[in-house]
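Shown here: protein_22.tsv, TSV, C-alpha atoms.
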chain	number	residue	atom	x	y	z
D	1	MET	CA	-20.44	79.40	62.19
D	2	SER	CA	-21.33	76.85	59.61
D	3	ALA	CA	-18.26	76.86	57.44
D	4	SER	CA	-15.07	75.99	59.30
D	5	THR	CA	-12.22	77.78	57.61
D	6	HIS	CA	-9.34	76.66	59.75
D	7	SER	CA	-7.08	73.80	58.93
D	8	PRO	CA	-8.55	70.38	59.85
D	9	VAL	CA	-5.35	69.71	61.75
D	10	LEU	CA	-5.82	72.65	64.12
D	11	LYS	CA	-6.94	71.47	67.53
D	12	HIS	CA	-9.64	73.60	69.08
D	13	HIS	CA	-7.72	74.63	72.17
D	14	PHE	CA	-5.06	76.40	70.10
D	15	GLU	CA	-5.31	79.88	68.60
D	16	ASP	CA	-3.59	78.98	65.37
D	17	LEU	CA	-1.28	76.40	63.83
D	18	ASN	CA	1.83	78.32	64.86
D	19	GLN	CA	0.88	78.05	68.51
D	20	GLN	CA	-0.04	74.38	68.10
D	21	HIS	CA	3.30	73.54	66.52
D	22	ALA	CA	5.21	75.60	69.08
D	23	SER	CA	3.39	73.86	71.93
D	24	GLU	CA	4.06	70.42	70.53
D	25	ARG	CA	7.76	71.24	70.11
D	26	LEU	CA	8.02	72.68	73.62
D	27	GLY	CA	6.25	69.66	75.08
D	28	MET	CA	8.74	67.30	73.50
D	29	TRP	CA	11.68	69.46	74.57
D	30	MET	CA	10.38	69.31	78.14
D	31	PHE	CA	10.42	65.53	77.89
D	32	LEU	CA	13.93	65.64	76.40
D	33	ALA	CA	15.01	67.69	79.42
D	34	THR	CA	13.90	64.79	81.63
D	35	GLU	CA	15.87	62.42	79.43
D	36	VAL	CA	18.92	64.62	80.05
D	37	LEU	CA	18.20	64.25	83.78
D	38	PHE	CA	18.09	60.51	83.32
D	39	PHE	CA	21.26	60.04	81.33
D	40	GLY	CA	23.03	62.87	83.16
D	41	GLY	CA	22.97	60.86	86.34
D	42	LEU	CA	24.46	57.84	84.59
D	43	PHE	CA	27.12	59.94	82.88
D	44	GLY	CA	27.97	61.71	86.15
D	45	ALA	CA	28.43	58.44	87.99
D	46	TYR	CA	30.55	57.04	85.15
D	47	ALA	CA	32.70	60.19	85.06
D	48	CYS	CA	33.44	59.94	88.80
D	49	TYR	CA	34.54	56.33	88.59
D	50	ARG	CA	36.45	56.91	85.37
D	51	LEU	CA	38.55	59.53	87.12
D	52	TRP	CA	38.83	57.53	90.35
D	53	TYR	CA	39.71	54.17	88.81
D	54	ALA	CA	41.36	55.36	85.59
D	55	ALA	CA	43.66	52.38	85.11
D	56	GLU	CA	40.99	49.71	85.53
D	57	PHE	CA	38.43	51.59	83.43
D	58	GLU	CA	40.89	52.14	80.59
D	59	PHE	CA	41.94	48.49	80.77
D	60	ALA	CA	38.35	47.24	80.63
D	61	SER	CA	37.44	49.70	77.87
D	62	SER	CA	40.27	48.38	75.74
D	63	PHE	CA	38.37	45.10	75.39
D	64	MET	CA	35.37	46.82	73.83
D	65	ASN	CA	34.76	46.38	70.12
D	66	VAL	CA	35.47	49.81	68.62
D	67	LYS	CA	34.71	48.59	65.07
D	68	PHE	CA	31.13	47.61	65.92
D	69	ALA	CA	30.62	50.83	67.85
D	70	SER	CA	32.00	52.94	64.99
D	71	ILE	CA	29.70	51.29	62.43
D	72	ASN	CA	26.82	51.82	64.85
D	73	THR	CA	27.72	55.48	65.17
D	74	VAL	CA	27.60	55.88	61.39
D	75	PHE	CA	24.21	54.13	61.35
D	76	LEU	CA	22.80	56.41	64.01
D	77	VAL	CA	24.10	59.70	62.64
D	78	THR	CA	22.82	58.77	59.17
D	79	SER	CA	19.45	57.93	60.69
D	80	SER	CA	19.38	61.41	62.23
D	81	LEU	CA	19.96	62.85	58.76
D	82	THR	CA	17.16	60.81	57.19
D	83	MET	CA	14.84	61.72	60.07
D	84	THR	CA	15.46	65.43	59.48
D	85	LEU	CA	14.82	64.89	55.78
D	86	ALA	CA	11.52	63.26	56.74
D	87	ILE	CA	10.47	66.49	58.48
D	88	ARG	CA	11.43	68.37	55.34
D	89	CYS	CA	9.29	66.04	53.22
D	90	ALA	CA	6.38	66.51	55.63
D	91	LYS	CA	6.67	70.30	55.32
D	92	LEU	CA	6.66	69.98	51.53
D	93	GLY	CA	3.77	67.51	51.47
D	94	ASP	CA	5.92	64.84	49.84
D	95	LYS	CA	4.14	61.73	51.12
D	96	ALA	CA	6.38	59.28	49.30
D	97	GLY	CA	9.41	61.13	50.65
D	98	ILE	CA	8.06	60.80	54.19
D	99	TYR	CA	7.71	57.04	53.71
D	100	ARG	CA	11.17	56.77	52.21
D	101	ASN	CA	12.95	58.72	54.92
D	102	LEU	CA	11.02	57.24	57.83
D	103	LEU	CA	11.64	53.70	56.61
D	104	LEU	CA	15.32	54.47	56.03
D	105	THR	CA	15.54	55.79	59.59
D	106	PHE	CA	13.80	52.67	60.85
D	107	ALA	CA	16.16	50.45	58.87
D	108	LEU	CA	19.25	52.22	60.19
D	109	GLY	CA	17.98	52.14	63.76
D	110	SER	CA	17.22	48.44	63.43
D	111	ALA	CA	20.67	47.83	61.95
D	112	PHE	CA	22.08	49.53	65.04
D	113	MET	CA	20.19	47.13	67.32
D	114	VAL	CA	21.13	44.09	65.24
D	115	LEU	CA	24.81	45.01	65.40
D	116	LYS	CA	24.46	45.64	69.12
D	117	GLY	CA	23.06	42.13	69.43
D	118	PHE	CA	26.09	40.70	67.66
D	119	GLU	CA	28.32	42.82	69.86
D	120	TYR	CA	26.70	41.56	73.06
D	121	ALA	CA	26.97	37.99	71.74
D	122	GLU	CA	30.66	38.48	71.08
D	123	ASP	CA	31.17	39.99	74.54
D	124	PHE	CA	29.35	37.00	76.06
D	125	HIS	CA	31.47	34.48	74.19
D	126	GLU	CA	34.65	36.29	75.15
D	127	GLY	CA	33.69	36.35	78.81
D	128	ILE	CA	33.50	40.14	78.99
D	129	LEU	CA	30.85	40.01	81.68
D	130	PRO	CA	30.56	41.85	84.97
D	131	GLY	CA	29.49	38.90	87.08
D	132	ALA	CA	31.71	36.26	88.57
D	133	SER	CA	30.07	33.56	86.46
D	134	SER	CA	30.86	33.05	82.81
D	135	PHE	CA	27.53	31.25	82.35
D	136	GLY	CA	29.07	27.86	81.67
D	137	VAL	CA	31.19	29.00	78.75
D	138	THR	CA	34.42	27.09	79.28
D	139	ASP	CA	36.40	27.80	76.12
D	140	LEU	CA	36.81	31.53	76.60
D	141	LYS	CA	39.36	33.22	74.36
D	142	HIS	CA	40.43	35.32	77.28
D	143	ASN	CA	38.92	36.05	80.64
D	144	ILE	CA	38.95	39.75	81.31
D	145	LYS	CA	38.94	39.24	85.06
D	146	THR	CA	42.05	37.03	85.12
D	147	ASP	CA	43.70	39.32	82.56
D	148	ALA	CA	43.10	42.17	84.98
D	149	GLU	CA	44.66	40.22	87.82
D	150	HIS	CA	47.72	39.47	85.70
D	151	ALA	CA	48.00	43.17	84.93
D	152	GLY	CA	47.95	43.92	88.62
D	153	LEU	CA	44.58	45.66	88.51
D	154	ASP	CA	41.58	45.40	90.84
D	155	THR	CA	39.08	42.95	89.30
D	156	GLY	CA	36.18	44.57	91.13
D	157	LYS	CA	36.81	47.91	89.45
D	158	VAL	CA	37.03	46.24	86.04
D	159	ARG	CA	33.68	44.59	86.73
D	160	LEU	CA	32.29	47.99	87.76
D	161	PHE	CA	33.18	49.33	84.32
D	162	LEU	CA	31.43	46.39	82.71
D	163	CYS	CA	28.33	47.12	84.79
D	164	PHE	CA	28.32	50.67	83.46
D	165	TYR	CA	28.89	49.39	79.92
D	166	TYR	CA	25.94	47.00	79.93
D	167	ILE	CA	23.56	49.28	81.81
D	168	MET	CA	24.31	52.38	79.75
D	169	THR	CA	24.31	50.71	76.35
D	170	GLY	CA	21.33	48.56	77.37
D	171	ILE	CA	19.19	51.50	78.45
D	172	HIS	CA	20.25	53.40	75.35
D	173	GLY	CA	19.17	50.38	73.31
D	174	VAL	CA	15.76	50.41	74.99
D	175	HIS	CA	15.43	54.07	74.01
D	176	ILE	CA	16.28	53.17	70.41
D	177	ILE	CA	13.60	50.49	70.39
D	178	ILE	CA	11.03	52.96	71.73
D	179	GLY	CA	12.09	55.38	68.98
D	180	LEU	CA	11.69	52.65	66.36
D	181	GLY	CA	8.15	52.07	67.61
D	182	CYS	CA	7.40	55.79	67.32
D	183	ILE	CA	8.77	55.82	63.76
D	184	LEU	CA	6.49	52.91	62.82
D	185	TRP	CA	3.58	54.85	64.28
D	186	LEU	CA	4.54	57.80	62.05
D	187	VAL	CA	4.55	55.48	59.03
D	188	GLN	CA	1.05	54.38	59.96
D	189	GLN	CA	0.00	58.02	60.40
D	190	ASN	CA	1.39	58.82	56.97
D	191	TYR	CA	-0.59	55.91	55.53
D	192	ALA	CA	-3.70	57.39	57.16
D	193	ASN	CA	-2.94	60.76	55.49
D	194	ALA	CA	-2.50	62.35	58.90
D	195	LEU	CA	0.78	64.06	58.04
D	196	PRO	CA	-0.12	66.94	55.71
D	197	PRO	CA	2.18	69.99	55.64
D	198	ASP	CA	0.06	71.59	58.37
D	199	ASN	CA	0.89	68.68	60.65
D	200	TYR	CA	4.63	68.42	60.04
D	201	SER	CA	5.21	68.95	63.76
D	202	THR	CA	4.11	65.38	64.49
D	203	VAL	CA	7.13	64.15	62.54
D	204	GLU	CA	9.31	66.82	64.13
D	205	VAL	CA	8.36	65.77	67.64
D	206	VAL	CA	9.45	62.15	67.09
D	207	SER	CA	12.57	63.37	65.32
D	208	LEU	CA	13.55	65.49	68.35
D	209	TYR	CA	13.47	62.36	70.49
D	210	TRP	CA	15.48	60.45	67.91
D	211	HIS	CA	18.13	63.17	67.69
D	212	LEU	CA	18.53	63.21	71.46
D	213	VAL	CA	19.07	59.45	71.51
D	214	ASP	CA	21.68	59.95	68.77
D	215	ALA	CA	23.37	62.78	70.69
D	216	ILE	CA	23.50	60.58	73.80
D	217	TRP	CA	25.22	57.86	71.77
D	218	LEU	CA	27.75	60.41	70.49
D	219	PHE	CA	28.81	60.91	74.12
D	220	LEU	CA	28.35	57.30	75.18
D	221	MET	CA	30.57	55.86	72.49
D	222	PRO	CA	33.81	57.72	73.28
D	223	MET	CA	33.31	57.39	77.02
D	224	LEU	CA	32.81	53.63	76.99
D	225	TYR	CA	34.65	52.43	73.92
D	226	LEU	CA	37.52	54.87	73.46
D	227	ALA	CA	38.67	55.19	77.08
D	228	GLY	CA	41.21	52.45	76.46
D	229	ALA	CA	41.66	52.85	72.74
D	230	HIS	CA	45.33	53.65	73.16
D	231	ILE	CA	45.94	50.25	74.77
D	232	LYS	CA	46.67	47.66	72.12
D	233	HIS	CA	45.60	44.09	72.78
D	234	VAL	CA	46.62	40.92	71.02
D	235	GLY	CA	43.76	39.24	69.21
D	236	HIS	CA	41.06	41.90	69.40
B	237	MET	CA	-14.44	78.23	65.70
B	238	SER	CA	-15.75	80.48	68.48
B	239	SER	CA	-19.15	82.08	67.98
B	240	ASP	CA	-18.27	85.03	70.21
B	241	PRO	CA	-19.50	88.14	68.32
B	242	ASN	CA	-16.73	90.27	69.83
B	243	GLN	CA	-14.01	88.13	68.35
B	244	THR	CA	-12.64	89.11	64.96
B	245	PRO	CA	-13.65	86.63	62.27
B	246	ALA	CA	-11.13	83.97	61.41
B	247	THR	CA	-8.99	84.61	58.39
B	248	PRO	CA	-9.88	82.37	55.47
B	249	HIS	CA	-6.76	80.27	55.75
B	250	ASP	CA	-5.25	79.96	59.21
B	251	ASN	CA	-2.33	78.05	57.88
B	252	GLN	CA	-1.03	81.18	56.19
B	253	ASP	CA	0.32	82.05	59.61
B	254	VAL	CA	2.52	79.01	59.61
B	255	VAL	CA	5.99	79.95	58.52
B	256	ALA	CA	7.74	76.64	58.43
B	257	HIS	CA	11.38	77.00	57.59
B	258	VAL	CA	12.29	74.19	55.23
B	259	ASP	CA	15.77	72.72	55.61
B	260	SER	CA	18.08	72.74	52.65
B	261	PRO	CA	19.49	69.26	51.97
B	262	PRO	CA	23.02	70.56	51.18
B	263	THR	CA	23.22	72.20	54.60
B	264	LEU	CA	22.04	69.03	56.30
B	265	LEU	CA	24.55	67.00	54.33
B	266	ILE	CA	27.41	69.29	55.33
B	267	VAL	CA	26.43	69.01	58.99
B	268	TYR	CA	26.19	65.22	58.61
B	269	VAL	CA	29.67	64.99	57.12
B	270	ALA	CA	31.02	67.32	59.83
B	271	ILE	CA	29.62	65.12	62.60
B	272	LEU	CA	31.14	62.00	61.06
B	273	ALA	CA	34.47	63.77	60.51
B	274	LEU	CA	34.54	64.79	64.16
B	275	PHE	CA	33.78	61.20	65.08
B	276	ALA	CA	36.69	59.98	62.98
B	277	ALA	CA	38.88	62.56	64.71
B	278	THR	CA	37.80	61.29	68.14
B	279	VAL	CA	38.63	57.70	67.24
B	280	LEU	CA	42.02	58.65	65.82
B	281	ILE	CA	42.91	60.91	68.74
B	282	SER	CA	41.88	58.28	71.26
B	283	SER	CA	43.76	55.49	69.51
B	284	SER	CA	46.94	57.51	69.21
B	285	GLY	CA	46.80	58.58	72.84
B	286	MET	CA	48.44	61.87	71.88
B	287	PHE	CA	46.68	63.83	74.64
B	288	GLY	CA	47.59	61.45	77.41
B	289	LYS	CA	45.52	62.00	80.51
B	290	TYR	CA	43.53	64.82	78.83
B	291	THR	CA	42.05	62.47	76.23
B	292	LEU	CA	38.76	62.26	78.12
B	293	PHE	CA	38.32	66.05	78.02
B	294	VAL	CA	39.16	66.19	74.32
B	295	GLN	CA	36.58	63.44	73.71
B	296	LEU	CA	33.96	65.32	75.70
B	297	GLY	CA	34.81	68.55	73.88
B	298	ILE	CA	34.39	66.91	70.49
B	299	GLY	CA	31.19	65.26	71.72
B	300	THR	CA	29.86	68.66	72.78
B	301	ILE	CA	30.56	70.11	69.33
B	302	GLN	CA	28.84	67.15	67.70
B	303	ALA	CA	25.83	67.45	69.99
B	304	SER	CA	25.67	71.20	69.28
B	305	LEU	CA	25.61	70.51	65.55
B	306	VAL	CA	22.83	67.96	66.03
B	307	GLY	CA	20.94	70.41	68.23
B	308	CYS	CA	21.32	73.49	66.06
B	309	TYR	CA	20.75	71.95	62.64
B	310	PHE	CA	18.95	68.62	63.05
B	311	MET	CA	16.82	69.69	66.00
B	312	HIS	CA	16.25	73.14	64.46
B	313	LEU	CA	17.41	75.15	67.47
B	314	ARG	CA	18.86	77.63	65.00
B	315	HIS	CA	15.37	78.69	64.04
B	316	GLY	CA	13.74	77.70	67.30
B	317	ASP	CA	11.37	79.54	69.55
B	318	ARG	CA	13.14	81.25	72.43
B	319	VAL	CA	11.36	79.06	74.97
B	320	VAL	CA	12.64	75.95	73.23
B	321	ILE	CA	16.20	77.28	73.15
B	322	LEU	CA	15.85	78.15	76.82
B	323	THR	CA	14.64	74.62	77.62
B	324	ALA	CA	17.60	73.10	75.80
B	325	LEU	CA	20.10	75.43	77.50
B	326	ALA	CA	18.46	74.89	80.87
B	327	SER	CA	18.85	71.13	80.64
B	328	ILE	CA	22.51	71.54	79.70
B	329	PHE	CA	22.99	74.03	82.53
B	330	TRP	CA	21.38	71.59	84.94
B	331	MET	CA	23.76	68.88	83.80
B	332	GLY	CA	26.60	71.32	84.36
B	333	ILE	CA	25.48	71.83	87.95
B	334	LEU	CA	25.24	68.06	88.37
B	335	PHE	CA	28.78	67.50	87.11
B	336	VAL	CA	30.27	70.38	89.09
B	337	LEU	CA	28.72	69.16	92.34
B	338	PHE	CA	29.55	65.51	91.65
B	339	MET	CA	33.14	66.28	90.78
B	340	SER	CA	33.75	68.74	93.60
B	341	ASP	CA	32.57	66.09	96.04
B	342	TYR	CA	34.04	62.89	94.64
B	343	MET	CA	37.30	64.26	93.33
B	344	THR	CA	38.19	65.94	96.64
B	345	ARG	CA	37.37	63.06	98.92
B	346	HIS	CA	40.99	62.01	99.12
B	347	ARG	CA	41.66	65.29	100.84
B	348	VAL	CA	39.24	64.43	103.63
B	349	ILE	CA	39.76	60.73	104.19
B	350	GLY	CA	43.09	60.27	105.87

What does the file become when written as C-alpha cells?
Amino acid sequence: MSASTHSPVLKHHFEDLNQQHASERLGMWMFLATEVLFFGGLFGAYACYRLWYAAEFEFASSFMNVKFASINTVFLVTSSLTMTLAIRCAKLGDKAGIYRNLLLTFALGSAFMVLKGFEYAEDFHEGILPGASSFGVTDLKHNIKTDAEHAGLDTGKVRLFLCFYYIMTGIHGVHIIIGLGCILWLVQQNYANALPPDNYSTVEVVSLYWHLVDAIWLFLMPMLYLAGAHIKHVGH
Amino acid sequence: MSSDPNQTPATPHDNQDVVAHVDSPPTLLIVYVAILALFAATVLISSSGMFGKYTLFVQLGIGTIQASLVGCYFMHLRHGDRVVILTALASIFWMGILFVLFMSDYMTRHRVIG
C-alpha cells in the first residue's frame, strides 16, 4: 500500500494505538510490580525490627527532622499532581502545557532532593549516624548513641534504625533522581515533537513510575519519621 | 500496513479507536488536597500519641488510603485495563503474603526460643 493511513506513532507490531498504549502501560506496571518487590523487602525487614525493638526505634525516630520530611512530602505529592496534569496536556495536544507541567514536576522533585541534602547535612552535624565514628566532628550538639545509653536503651538497636533510615531514604532518593532523568528525557521528547496526543502514553509511563516513588514515600515518611513523633526532645 | 489481501483495509484514521479519558483538573485537585489532608492527620495523630501502641497501624492504614488515592486517580486505575488492575492488585497481594509470612515467623520467635 502506498499511502500509510495509520498514525505515525503506531509501531508496526501493534494492531492499533489502543493496543500499543495498553501494552506500554502494562509493561510499566510490570516494572512497578518489581519495584514493590524491592521496597517490600525493605519495609518488611523494617516492620519486624520496629515491632521487636519498639523502644529503641521510637527513640531514634524522635531525632528525625519531621519538618523537612513534611515539606518534602508536600513537594512530592504536588509533583504527582503536576505529572498527572502533564499527561492531560499530552492527551489534549497542549505542548506548552506539557513543558510547564513536566518542568514543574522536575523542579519539585529537585527541591525534594535539595532538602534531603540539607537534612542529611544536619543529621551529619548532629551526629545522627549509624556508625561508631562521628567522622571527626567534635562539637556535636548531642550524640544519639550516648543519649540512648543514658535512656537505658541498646545503642546497637538505635544504630540499626539509623541504618534503615539512611538505606531506605537513600535508595528512595536514587529512585527520585532516576525519575528526574526520565522527566528531562520527556522534555527533550516534547521539544522533538514526539509527544502528540496519539503518543500520550509515553508521558503516562514515566508518570506511573513517578507516582509509585511518591506512594513509597507516603509510607516511608510515617514509618521512619513519625515512629517517635510523640516523644518530645529538647532542642530539636 | 500489511499487504495481505485477506485482511480488511485499514480504517482511514486508526487513532479514532483511541478513547483516551482526559482527567478533569478539579477532580485531581480534590484528590491532591485529600492526600495532603490525610498526611496532616497522620502527623497530628503521631505527634499526639493518642493511639498508643496502635499508632503504627493507624499510620499504615492512612498510608494505604493515600496510596489508593494515588493509584486510582493519579495512576488512572479507575479507568484502567483489567490486566493493569490485576497487576497492581497482584503486587499488593504479594506484599501481603510477604508481610504475613515475615510477621508470623519473626513475631512468634519468642515462643520458640526459651

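Atom CA of D:Ala215 lies 27.2 Å from atom CA of B:Asp341.
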
Quick one: residues within 10 Å of B:Gly332, all atoms listed in the file counted, chain neighbours fewer than 6 positions away excluded, as a PyMOL selection string? (chain D and resi 40+44) or (chain B and resi 326+338)

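We find atom CA of B:Leu313 and atom CA of D:Ala45 to be spaced 28.7 Å apart.
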
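Minimum atom-to-atom distances from D:Tyr165, D:Phe112, D:Tyr99, D:Phe59 to D:Leu129 were compared using all atoms listed in the file, and the lowest value belongs to D:Tyr165.
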
Counting only C-alpha atoms, give me one row per residue of chain D with an atom at most 6 Å from an atom of chain B, showing the shortest contact pair and its distance in Å to one decimal, sorted by chain then residue number, as a tab-separated table.
residue	atom	partner	partner_atom	distance
D:Thr5	CA	B:Pro248	CA	5.6
D:His6	CA	B:Asp250	CA	5.3
D:Asn18	CA	B:Val254	CA	5.3
D:Leu26	CA	B:Val320	CA	5.7
D:Ala33	CA	B:Ser327	CA	5.3
D:Gly44	CA	B:Phe335	CA	5.9
D:Thr84	CA	B:Phe310	CA	5.9
D:Arg88	CA	B:Val258	CA	5.9
D:Leu208	CA	B:Met311	CA	5.8
D:Ala215	CA	B:Ala303	CA	5.3
D:Phe219	CA	B:Gly299	CA	5.5
D:Leu226	CA	B:Ser282	CA	6.0
D:Ala229	CA	B:Ser283	CA	4.7
D:His230	CA	B:Ser283	CA	4.4

Computed interatomic separation between atom CA of D:Glu122 and atom CA of D:Thr146 (Å): 18.1 Å

Show which residues sit within 8 Å of D:Ser207, as a PDB file with C-alpha atoms, in the frame of the given file. Count only C-alpha atoms, and ignore same-chain residues fewer than 4 positions away.
ATOM      1  CA  SER D  80      19.380  61.410  62.230  1.00  0.00           C
ATOM      2  CA  MET D  83      14.840  61.720  60.070  1.00  0.00           C
ATOM      3  CA  THR D  84      15.460  65.430  59.480  1.00  0.00           C
ATOM      4  CA  ILE D  87      10.470  66.490  58.480  1.00  0.00           C
ATOM      5  CA  VAL D 203       7.130  64.150  62.540  1.00  0.00           C
ATOM      6  CA  HIS D 211      18.130  63.170  67.690  1.00  0.00           C
TER       7      HIS D 211
ATOM      8  CA  MET B 311      16.820  69.690  66.000  1.00  0.00           C
TER       9      MET B 311
END

Who sits within 9 Å of D:Gly93, all atoms listed in the file, same chain under 5 positions skipped, as a ChimeraX atom specification: /D:88,98,195-198,200

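Closest approach to D:Ala194 among D:Val77, D:Arg100, D:Ala90, D:Tyr120: D:Ala90, based on all atoms listed in the file.
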
Polymer residues at most 9 Å from D:Met221, all atoms listed in the file, same-chain spacing of 3 or more positions, as number ranges by chain: D: 66, 69-70, 73, 169, 216-218, 224-226

Near D:Val206, within 8 Å and counting only C-alpha atoms, which residues show up once chain neighbours fewer than 3 positions away are dropped, as a VMD selection string? chain D and resid 179 182 to 183 202 to 203 209 to 210

Just need the box for stretch 208-211 of chain D, edges along x, y and z, holding every atom the file lists for it with 8 Å tacked onto each side, so centre and edge lengths in Å to one decimal, as JSON.
{"center_x": 15.8, "center_y": 63.0, "center_z": 69.1, "size_x": 20.7, "size_y": 21.0, "size_z": 18.8}
